[in-house]
Amino acid sequence: PALNLDSIGKIDAILVTHGHGSHVGDSAALAKRNGCTVHSVHEVSLFLIHQGLPASQAIGQNFGGTCDILPGWEATLVPSMHSSW
């Protein structure tokens, strides 16, 4: 069953691994509602901006880059491959 977005509590940050619909999901809407940032590869951040997420909340980076997510939290993008099934 689909998750009701209204049932999700406060979100501090969102990390999107790649552009598959099942991974991007409602991240733009959730980020707008919570005023949080979405961290992803550059191309996904452009897609989120196209969906109406302010550029200041769509944090794009490249593989190998490390980004501060929240105080005391950081993430490094590394390449990963899997099937599209």
# chains A, B, ... in the order shown; residues from 1 in each chain; ligands from 1
>>> residues_around(residues="region 16-19 of chain A", least_positions_apart="2", cutoff="7 Å", atoms="only C-alpha atoms", output="ChimeraX atom specification")
/A:14,21,23-24,39-40,44
>>> select_by_dssp(residues="chain A", states="strand (DSSP E or B)", output="list in words")
Ala13, Ile14, Leu15, Thr37, Val38, His39, Ser40, Val41, Ala58, Ile59, Gly60, Gln61, Thr66, Cys67, Asp68, Ile69, Leu70, Trp73, Glu74, Ala75 and Thr76 of chain A
>>> closest_residue(among="A:Ala2, A:Met81, A:Cys36, A:Ala29", to="Ile59 (chain A)", atoms="only C-alpha atoms")
A:Cys36
>>> residues_around(residues="Asp12 (chain A)", least_positions_apart="4", cutoff="10 Å", atoms="only C-alpha atoms", output="ChimeraX atom specification")
/A:31,34-38,69-70
>>> select_by_dssp(residues="chain A", states="helix (DSSP H, G or I)", output="JSON, numbers by chain")
{"A": [5, 6, 7, 21, 22, 23, 24, 27, 28, 29, 30, 31, 32, 33, 34, 42, 43, 44, 45, 46, 47, 48, 49, 50, 55, 56, 57]}
>>> residues_around(residues="His42 (chain A)", least_positions_apart="3", cutoff="7 Å", atoms="only C-alpha atoms", output="MDAnalysis selection string")
chainID A and resid 45:46 60:62
>>> closest_residue(among="A:Ile8, A:Leu3, A:Leu15, A:Ala75", to="Ala58 (chain A)", atoms="only C-alpha atoms")
A:Leu15
>>> residues_around(residues="Arg33 (chain A)", least_positions_apart="3", cutoff="12 Å", atoms="only C-alpha atoms", output="ChimeraX atom specification")
/A:5-6,8-13,26-30,36-37,52-54,57
>>> write_last_selection(atoms="N, CA, C and O atoms", output="compact mmCIF listing (two decimals), in the first residue's frame")
# COMPACT_ATOMS: atom_id res chain seq x y z
N LEU A 5 1.63 10.63 2.71
CA LEU A 5 2.65 11.63 3.02
C LEU A 5 2.35 12.39 4.30
O LEU A 5 3.25 12.85 4.99
N ASP A 6 1.07 12.55 4.63
CA ASP A 6 0.71 13.26 5.84
C ASP A 6 1.06 12.50 7.11
O ASP A 6 1.10 13.06 8.19
N ILE A 8 3.95 11.11 7.63
CA ILE A 8 5.39 11.20 7.85
C ILE A 8 5.68 12.39 8.76
O ILE A 8 5.20 13.49 8.53
N GLY A 9 6.47 12.16 9.79
CA GLY A 9 6.83 13.22 10.72
C GLY A 9 7.86 14.17 10.13
O GLY A 9 8.12 14.19 8.93
N LYS A 10 8.49 14.96 10.99
CA LYS A 10 9.49 15.96 10.60
C LYS A 10 10.68 15.30 9.92
O LYS A 10 11.21 14.30 10.40
N ILE A 11 11.10 15.87 8.80
CA ILE A 11 12.25 15.38 8.04
C ILE A 11 13.33 16.45 8.08
O ILE A 11 13.06 17.62 7.81
N ASP A 12 14.55 16.08 8.44
CA ASP A 12 15.66 17.03 8.54
C ASP A 12 16.46 17.12 7.24
O ASP A 12 17.00 18.17 6.92
N ALA A 13 16.57 16.03 6.50
CA ALA A 13 17.30 16.00 5.24
C ALA A 13 16.89 14.74 4.49
O ALA A 13 16.47 13.76 5.09
N ASP A 26 8.53 11.06 -3.76
CA ASP A 26 7.94 12.36 -3.43
C ASP A 26 8.94 13.26 -2.70
O ASP A 26 8.55 14.10 -1.89
N SER A 27 10.22 13.09 -2.97
CA SER A 27 11.23 13.84 -2.23
C SER A 27 11.08 15.35 -2.39
O SER A 27 11.29 16.09 -1.41
N ALA A 28 10.71 15.83 -3.56
CA ALA A 28 10.54 17.28 -3.74
C ALA A 28 9.40 17.80 -2.87
O ALA A 28 9.56 18.81 -2.17
N ALA A 29 8.28 17.12 -2.88
CA ALA A 29 7.13 17.55 -2.07
C ALA A 29 7.45 17.47 -0.59
O ALA A 29 7.10 18.38 0.18
N LEU A 30 8.12 16.41 -0.17
CA LEU A 30 8.47 16.27 1.25
C LEU A 30 9.45 17.34 1.69
O LEU A 30 9.34 17.90 2.78
N CYS A 36 13.49 21.19 4.21
CA CYS A 36 14.80 20.54 4.32
C CYS A 36 15.47 20.44 2.95
O CYS A 36 14.87 20.73 1.93
N THR A 37 16.71 20.02 2.94
CA THR A 37 17.46 19.86 1.70
C THR A 37 17.36 18.42 1.20
O THR A 37 17.14 17.49 1.97
N GLY A 52 9.83 21.91 -9.02
CA GLY A 52 9.40 23.03 -8.17
C GLY A 52 10.15 23.17 -6.86
O GLY A 52 9.83 24.07 -6.07
N LEU A 53 11.12 22.32 -6.60
CA LEU A 53 11.91 22.46 -5.37
C LEU A 53 12.87 23.63 -5.55
O LEU A 53 13.58 23.71 -6.56
N PRO A 54 12.92 24.58 -4.60
CA PRO A 54 13.87 25.69 -4.74
C PRO A 54 15.31 25.19 -4.85
O PRO A 54 15.69 24.21 -4.21
N GLN A 57 17.35 24.20 -1.92
CA GLN A 57 17.06 22.96 -1.22
C GLN A 57 17.50 21.73 -2.02
O GLN A 57 17.48 20.62 -1.48
>>> atom_distance(atom1="CA of His50 (chain A)", atom2="CA of Lys32 (chain A)")
13.1 Å
>>> atom_distance(atom1="CA of Gly65 (chain A)", atom2="CA of Leu77 (chain A)")
5.8 Å
>>> atom_distance(atom1="CA of Gln51 (chain A)", atom2="CA of Ser80 (chain A)")
25.0 Å
